[in-house]
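The file my_file_9.cif contains mmCIF, C-alpha atoms and all ligand atoms:
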```cif
data_query
loop_
_atom_site.label_atom_id
_atom_site.label_comp_id
_atom_site.auth_asym_id
_atom_site.auth_seq_id
_atom_site.Cartn_x
_atom_site.Cartn_y
_atom_site.Cartn_z
CA MET A 1 0.00 0.00 0.00
CA THR A 2 1.37 3.46 -0.88
CA ALA A 3 1.89 6.14 1.77
CA ALA A 4 -0.93 8.16 0.19
CA LEU A 5 -3.41 5.32 0.67
CA GLN A 6 -2.45 4.84 4.34
CA GLU A 7 -3.33 8.46 5.14
CA ARG A 8 -6.72 9.37 6.54
CA GLN A 9 -9.38 10.64 4.14
CA PRO A 10 -9.84 14.42 3.93
CA ARG A 11 -12.87 15.80 5.77
CA LEU A 12 -14.52 18.44 3.60
CA PRO A 13 -17.67 20.49 4.23
CA PRO A 14 -20.74 18.53 3.00
CA ALA A 15 -21.24 21.07 0.19
CA TYR A 16 -18.37 19.36 -1.69
CA ARG A 17 -18.23 16.01 -3.46
CA LEU A 18 -14.61 14.91 -3.46
CA VAL A 19 -13.05 13.10 -6.42
CA THR A 20 -9.59 11.86 -5.36
CA LEU A 21 -7.02 10.97 -8.01
CA ASP A 22 -3.47 9.77 -7.54
CA SER A 23 -2.11 11.21 -10.77
CA VAL A 24 -3.80 13.20 -13.54
CA GLU A 25 -2.75 15.41 -16.43
CA SER A 26 -4.53 18.43 -14.94
CA THR A 27 -7.25 18.62 -12.29
CA ASN A 28 -8.75 21.53 -14.25
CA ASP A 29 -9.09 19.34 -17.34
CA GLU A 30 -10.67 16.55 -15.29
CA ALA A 31 -13.08 18.97 -13.55
CA LYS A 32 -14.03 20.47 -16.94
CA ARG A 33 -14.70 17.00 -18.31
CA LEU A 34 -16.92 16.22 -15.32
CA ALA A 35 -18.69 19.60 -15.63
CA ARG A 36 -19.48 18.90 -19.30
CA GLU A 37 -20.96 15.56 -18.20
CA GLY A 38 -23.21 17.41 -15.73
CA ALA A 39 -21.19 17.26 -12.46
CA GLU A 40 -22.91 19.24 -9.74
CA ASP A 41 -21.84 22.47 -8.12
CA GLY A 42 -19.26 21.61 -5.45
CA THR A 43 -17.57 18.72 -7.29
CA LEU A 44 -13.95 18.97 -6.15
CA VAL A 45 -11.18 17.13 -8.00
CA TRP A 46 -8.02 16.63 -5.95
CA ALA A 47 -4.86 14.95 -7.29
CA ARG A 48 -1.59 14.06 -5.59
CA GLU A 49 0.37 14.99 -8.73
CA GLN A 50 -0.32 16.47 -12.16
CA ARG A 51 1.55 15.45 -15.27
CA ARG A 52 0.59 18.57 -17.25
CA GLY A 53 -0.44 21.18 -14.69
CA ARG A 54 -1.34 24.49 -16.32
CA GLY A 55 -1.16 28.08 -15.13
CA ARG A 56 -2.51 31.32 -16.55
CA TYR A 57 -1.54 32.07 -20.17
CA ALA A 58 -1.02 28.29 -20.67
CA ARG A 59 2.19 28.42 -18.62
CA ASN A 60 3.46 25.20 -17.12
CA TRP A 61 2.55 24.64 -13.41
CA ALA A 62 5.15 22.33 -11.87
CA SER A 63 3.11 19.65 -10.08
CA PRO A 64 5.20 17.02 -8.29
CA ARG A 65 3.86 15.06 -5.31
CA GLY A 66 3.77 16.90 -1.99
CA ASN A 67 1.91 20.04 -3.13
CA LEU A 68 -1.81 20.72 -3.38
CA TYR A 69 -3.66 20.55 -6.71
CA LEU A 70 -7.41 20.90 -6.78
CA SER A 71 -10.20 22.12 -9.05
CA VAL A 72 -13.78 22.87 -8.01
CA VAL A 73 -16.81 22.90 -10.33
CA LEU A 74 -19.17 25.77 -9.51
CA ARG A 75 -22.48 26.70 -11.14
CA PRO A 76 -23.34 30.10 -9.68
CA ASP A 77 -26.44 31.85 -10.93
CA CYS A 78 -24.69 34.90 -12.39
CA ALA A 79 -23.53 36.49 -15.63
CA PRO A 80 -20.30 35.11 -17.16
CA GLY A 81 -18.59 38.48 -16.61
CA GLU A 82 -19.36 38.40 -12.88
CA ALA A 83 -18.16 34.82 -12.54
CA ALA A 84 -14.60 36.00 -13.15
CA GLN A 85 -14.76 37.59 -9.67
CA LEU A 86 -14.59 34.09 -8.24
CA SER A 87 -10.87 33.93 -8.95
CA PHE A 88 -10.44 36.76 -6.41
CA VAL A 89 -12.76 34.89 -4.03
CA ALA A 90 -10.55 31.81 -4.36
CA ALA A 91 -7.41 33.88 -3.73
CA LEU A 92 -8.90 35.12 -0.45
CA ALA A 93 -9.78 31.56 0.55
CA VAL A 94 -6.27 30.31 -0.15
CA GLY A 95 -4.79 33.32 1.68
CA ASP A 96 -6.89 32.56 4.76
CA ALA A 97 -6.08 28.85 4.58
CA VAL A 98 -2.36 29.63 4.37
CA GLY A 99 -2.70 32.06 7.29
CA SER A 100 -4.35 29.32 9.37
CA ILE A 101 -1.54 26.85 8.64
CA MET A 102 1.56 29.03 8.87
CA PRO A 103 3.32 30.25 12.01
CA PRO A 104 2.29 33.67 13.34
CA LEU A 105 3.96 36.67 11.67
CA THR A 106 4.12 34.94 8.29
CA GLU A 107 3.29 37.58 5.67
CA VAL A 108 0.48 36.66 3.28
CA HIS A 109 -0.29 38.99 0.37
CA PHE A 110 -2.36 38.87 -2.79
CA LYS A 111 -0.63 39.84 -5.99
CA TRP A 112 -3.14 41.07 -8.54
CA PRO A 113 -4.97 39.43 -10.05
CA ASN A 114 -4.83 36.25 -8.01
CA ASP A 115 -1.42 35.04 -6.90
CA ILE A 116 -0.89 34.30 -3.22
CA LEU A 117 2.46 35.43 -1.87
CA VAL A 118 4.03 34.11 1.31
CA ASN A 119 6.80 36.32 2.61
CA ARG A 120 6.62 38.12 -0.75
CA ARG A 121 7.18 35.07 -2.96
CA LYS A 122 4.53 33.18 -4.89
CA ALA A 123 3.22 30.11 -3.11
CA ALA A 124 -0.11 29.63 -4.88
CA GLY A 125 -2.00 30.49 -8.05
CA ILE A 126 -5.55 30.28 -9.33
CA LEU A 127 -6.75 29.28 -12.80
CA LEU A 128 -10.40 29.99 -13.58
CA GLU A 129 -11.99 28.49 -16.68
CA SER A 130 -15.65 28.67 -17.62
CA SER A 131 -18.22 27.81 -20.23
CA SER A 132 -21.38 29.63 -21.25
CA THR A 133 -24.39 28.57 -23.32
CA PRO A 134 -24.87 30.02 -26.84
CA ALA A 135 -27.46 32.33 -25.21
CA GLY A 136 -24.67 33.79 -23.04
CA VAL A 137 -25.73 32.15 -19.76
CA LEU A 138 -22.96 30.78 -17.55
CA ASP A 139 -23.09 26.98 -17.58
CA TRP A 140 -20.19 26.08 -15.27
CA LEU A 141 -16.86 27.34 -14.09
CA VAL A 142 -13.84 25.54 -12.76
CA LEU A 143 -11.63 27.11 -10.12
CA GLY A 144 -8.19 25.50 -10.16
CA ILE A 145 -5.90 26.04 -7.19
CA GLY A 146 -2.24 25.09 -6.92
CA LEU A 147 -0.49 25.56 -3.57
CA ASN A 148 3.20 24.79 -3.07
CA ILE A 149 3.55 22.96 0.22
CA SER A 150 6.75 20.89 -0.02
CA SER A 151 8.48 22.22 -3.12
CA PHE A 152 8.55 25.06 -5.61
CA PRO A 153 10.13 25.60 -9.03
CA ALA A 154 13.56 27.18 -8.95
CA LYS A 155 12.85 29.05 -12.19
CA ALA A 156 9.50 30.80 -12.54
CA THR A 157 8.14 34.04 -14.01
CA VAL A 158 7.57 35.26 -10.43
CA PRO A 159 9.99 34.21 -7.62
CA ALA A 160 8.36 31.20 -5.98
CA THR A 161 8.34 29.56 -2.57
CA SER A 162 6.63 26.78 -0.62
CA LEU A 163 4.94 26.71 2.76
CA ARG A 164 7.61 24.31 4.05
CA PHE A 165 10.43 26.63 2.94
CA GLU A 166 8.70 29.49 4.78
CA GLY A 167 8.48 27.55 8.05
CA CYS A 168 5.30 25.49 7.85
CA PRO A 169 5.34 22.67 10.47
CA GLU A 170 6.46 19.27 9.07
CA ASP A 171 3.21 17.57 10.10
CA VAL A 172 1.06 19.78 7.84
CA THR A 173 0.20 17.72 4.77
CA GLU A 174 -1.80 18.24 1.60
CA ILE A 175 -4.80 16.84 3.49
CA GLN A 176 -4.83 19.60 6.10
CA ALA A 177 -4.22 22.18 3.37
CA LEU A 178 -7.09 20.75 1.27
CA GLU A 179 -9.41 20.85 4.28
CA ALA A 180 -8.45 24.44 5.13
CA VAL A 181 -8.79 25.66 1.53
CA SER A 182 -12.18 23.98 1.05
CA ARG A 183 -13.53 25.42 4.33
CA HIS A 184 -12.43 28.97 3.53
CA LEU A 185 -13.56 28.66 -0.08
CA LEU A 186 -17.07 27.69 0.97
CA SER A 187 -17.24 30.60 3.37
CA TRP A 188 -15.93 33.21 0.89
CA VAL A 189 -18.08 31.92 -2.00
CA ASN A 190 -21.16 32.20 0.24
CA ARG A 191 -20.15 35.72 1.24
CA TRP A 192 -19.83 36.65 -2.45
CA LEU A 193 -23.18 35.06 -3.32
CA GLU A 194 -24.90 36.93 -0.49
CA ASP A 195 -23.15 40.31 -0.50
CA GLY A 196 -21.52 40.65 -3.90
CA PHE A 197 -18.00 41.75 -4.75
CA GLU A 198 -17.56 44.71 -2.37
CA PRO A 199 -16.59 42.69 0.75
CA ILE A 200 -14.20 40.67 -1.42
CA ARG A 201 -12.66 43.85 -2.81
CA ARG A 202 -12.20 45.27 0.68
CA ALA A 203 -10.58 42.09 2.01
CA LEU A 204 -8.21 42.03 -0.96
CA MET A 205 -7.27 45.70 -0.54
CA TYR A 206 -6.22 44.99 3.00
CA ARG A 207 -3.39 42.70 1.86
CA ILE A 208 -2.83 43.53 -1.80
CA TYR A 209 0.80 43.62 -2.88
CA GLY A 210 2.19 46.89 -4.23
CA LEU A 211 -0.76 49.17 -3.44
CA GLY A 212 0.40 52.81 -3.49
CA GLU A 213 3.71 51.80 -5.12
CA GLU A 214 5.19 52.18 -8.57
CA ILE A 215 4.40 49.01 -10.49
CA GLU A 216 4.79 47.58 -13.94
CA VAL A 217 1.92 45.62 -15.48
CA ARG A 218 2.87 43.31 -18.31
CA LEU A 219 0.02 42.98 -20.78
CA ALA A 220 -0.20 40.59 -23.72
CA ASN A 221 1.60 42.97 -26.11
CA ASP A 222 2.62 45.90 -23.95
CA THR A 223 3.93 46.98 -20.56
CA VAL A 224 2.38 49.85 -18.60
CA ARG A 225 3.95 51.58 -15.63
CA GLY A 226 2.38 53.74 -12.97
CA LEU A 227 1.21 54.06 -9.41
CA PHE A 228 -1.07 51.26 -8.17
CA ARG A 229 -4.00 53.33 -6.88
CA ASP A 230 -6.98 51.07 -6.33
CA LEU A 231 -9.05 48.02 -7.24
CA ASP A 232 -12.27 49.03 -8.95
CA LYS A 233 -15.68 47.58 -8.17
CA ARG A 234 -15.12 44.66 -10.55
CA GLY A 235 -11.56 43.89 -9.46
CA GLY A 236 -9.80 45.85 -12.21
CA LEU A 237 -6.43 47.34 -11.28
CA VAL A 238 -6.50 51.14 -11.32
CA LEU A 239 -3.17 52.59 -12.37
CA GLU A 240 -2.21 56.27 -12.23
CA LEU A 241 -0.05 56.93 -15.28
CA PRO A 242 2.91 59.34 -15.29
CA ASP A 243 0.75 62.03 -17.01
CA GLY A 244 -1.74 61.88 -14.10
CA SER A 245 -4.48 60.05 -16.03
CA GLN A 246 -5.92 56.76 -14.78
CA ARG A 247 -6.11 53.47 -16.59
CA THR A 248 -7.98 50.38 -15.44
CA ILE A 249 -6.35 47.08 -16.32
CA THR A 250 -8.34 43.86 -16.44
CA ALA A 251 -5.65 41.29 -17.35
CA GLY A 252 -1.88 41.20 -16.92
CA ASP A 253 1.02 40.41 -14.59
CA VAL A 254 2.10 42.84 -11.89
CA HIS A 255 5.77 43.48 -11.09
CA LEU A 256 7.09 45.94 -8.52
CA ARG A 257 9.55 48.39 -10.03
CA PRO A 258 13.03 48.15 -8.58
C1 LIG B 301 -1.20 30.57 -12.15
O1 LIG B 301 -0.73 31.15 -11.18
O2 LIG B 301 -0.76 30.76 -13.30
C2 LIG B 301 -2.34 29.60 -11.92
C3 LIG B 301 -1.87 28.23 -11.49
C4 LIG B 301 -3.01 27.26 -11.28
C5 LIG B 301 -2.49 25.86 -11.04
C6 LIG B 301 -3.61 24.93 -10.64
S1 LIG B 301 -3.01 23.40 -10.00
C7 LIG B 301 -4.63 22.75 -10.02
C8 LIG B 301 -5.27 23.22 -11.31
N1 LIG B 301 -4.93 22.33 -12.40
C9 LIG B 301 -4.17 22.92 -13.32
O3 LIG B 301 -3.74 22.38 -14.35
N2 LIG B 301 -3.96 24.19 -12.98
C10 LIG B 301 -4.60 24.54 -11.73
#
```

Let's see the structure in the file written out as structure tokens.
Ligand code: BTN
Amino acid sequence: MTAALQERQPRLPPAYRLVTLDSVESTNDEAKRLAREGAEDGTLVWAREQRRGRGRYARNWASPRGNLYLSVVLRPDCAPGEAAQLSFVAALAVGDAVGSIMPPLTEVHFKWPNDILVNRRKAAGILLESSSTPAGVLDWLVLGIGLNISSFPAKATVPATSLRFEGCPEDVTEIQALEAVSRHLLSWVNRWLEDGFEPIRRALMYRIYGLGEEIEVRLANDTVRGLFRDLDKRGGLVLELPDGSQRTITAGDVHLRP
């Protein structure tokens, strides 16, 4: 029997239906496949390793054993445009889960749009994918979460870290992390469903990386620089440009300027 099979089963809130896999290409791909087959809201795919883990912009997400890889199918009753807010909701959930696991005084920040930094290095990322009907109604979305617990890639677009490297106790495993993430995700998704994006925005602002500082946002074909002023009511990044005008960015990668 493998070590993984000897471990206890994760205890998740009853709102989730857990699908446990030892190895998979990508939990997002598996969750999308299940969603297309009609999987219910709350179906959570968890794998011990991924062979082709994906990040935003189709980047590779290194996925060896010992880290957390999960994807949740959600079917919220909202417009496809609003559903994108759930990636911020997931970032908050992962941030709270990490805060509950790590020793006191560990710094947890959110790097726009939805990276989770531990002591200012990336420990987790979120990949949201969705599908709408031809009539423009949201059918399903998949929230993919990768959290580095035991290891992190030496070379990455953003300097990376793992919870273990930052001082997480040795006895914290993927199971505890999965339980903490699922608990906080349920609570933040319910908050969003009940009260909308504003409480999410406020919670993000409290710990957003680079607010009030000079930043560089790398867009698909351009780079813009300016002062990170605010998050708007949909989660867009409000940048004050050198000429004093404001520009709201909806997709890109943030870098602090040296
Ligand atoms: C990013 O920061 O670029 C997002 C990374 C998301 C990685 C997770 S791991 C679980 C799920 N399955 C995937 O293939 N990707 C997401």

Radius query 10 Å about (-10.2, 26.9, 9.5), atoms used: all atoms listed in the file, as a compact mmCIF listing (two decimals) with C-alpha atoms, in the coordinates of the input:
```txt
# COMPACT_ATOMS: atom_id res chain seq x y z
CA ASP A 96 -6.89 32.56 4.76
CA ALA A 97 -6.08 28.85 4.58
CA VAL A 98 -2.36 29.63 4.37
CA GLY A 99 -2.70 32.06 7.29
CA SER A 100 -4.35 29.32 9.37
CA ILE A 101 -1.54 26.85 8.64
CA GLN A 176 -4.83 19.60 6.10
CA ALA A 177 -4.22 22.18 3.37
CA GLU A 179 -9.41 20.85 4.28
CA ALA A 180 -8.45 24.44 5.13
CA VAL A 181 -8.79 25.66 1.53
CA SER A 182 -12.18 23.98 1.05
CA ARG A 183 -13.53 25.42 4.33
CA HIS A 184 -12.43 28.97 3.53
```

Among listed residues A:Gly236, A:Pro13, A:Gly125, A:Pro76, nearest ligand LIG 301 (chain B) (using all atoms listed in the file) |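 Answer, going by the shortest atom-to-atom distance: A:Gly125.
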
For ligand LIG 301 (chain B), which residue out of A:Gly81, A:Gly167, A:Gly252, A:Gly136 is the nearest one, using only C-alpha atoms and all ligand atoms?
-> A:Gly252

Compile the contact shell of Arg225 of chain A as a list in words: residues with an atom at most 9 Å away, counting all atoms listed in the file, same-chain residues fewer than 5 positions apart removed.
->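 Those residues are Glu214, Ile215, Glu216, Val217, Arg218, Leu239, Glu240, Leu241, Pro242 and Arg257 of chain A.
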
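Here the question is which of A:Gln9, A:Ser150, A:Ser132, A:Thr157 gets nearest to ligand LIG 301 (chain B) using all atoms listed in the file, and that residue is A:Thr157.
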
Taking all atoms listed in the file into account, which of A:Leu12, A:Val19, A:Ala39, A:Leu68 comes nearest ligand LIG 301 (chain B)?
->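 Of all the options, A:Leu68 lies closest to ligand LIG 301 (chain B).
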
Do you know which residues are within 6 Å of ligand LIG 301 (chain B) using only C-alpha atoms and all ligand atoms? Can you write them as number ranges by chain?
-> A: 26-28, 53-56, 61, 69-71, 115, 125-127, 144-146
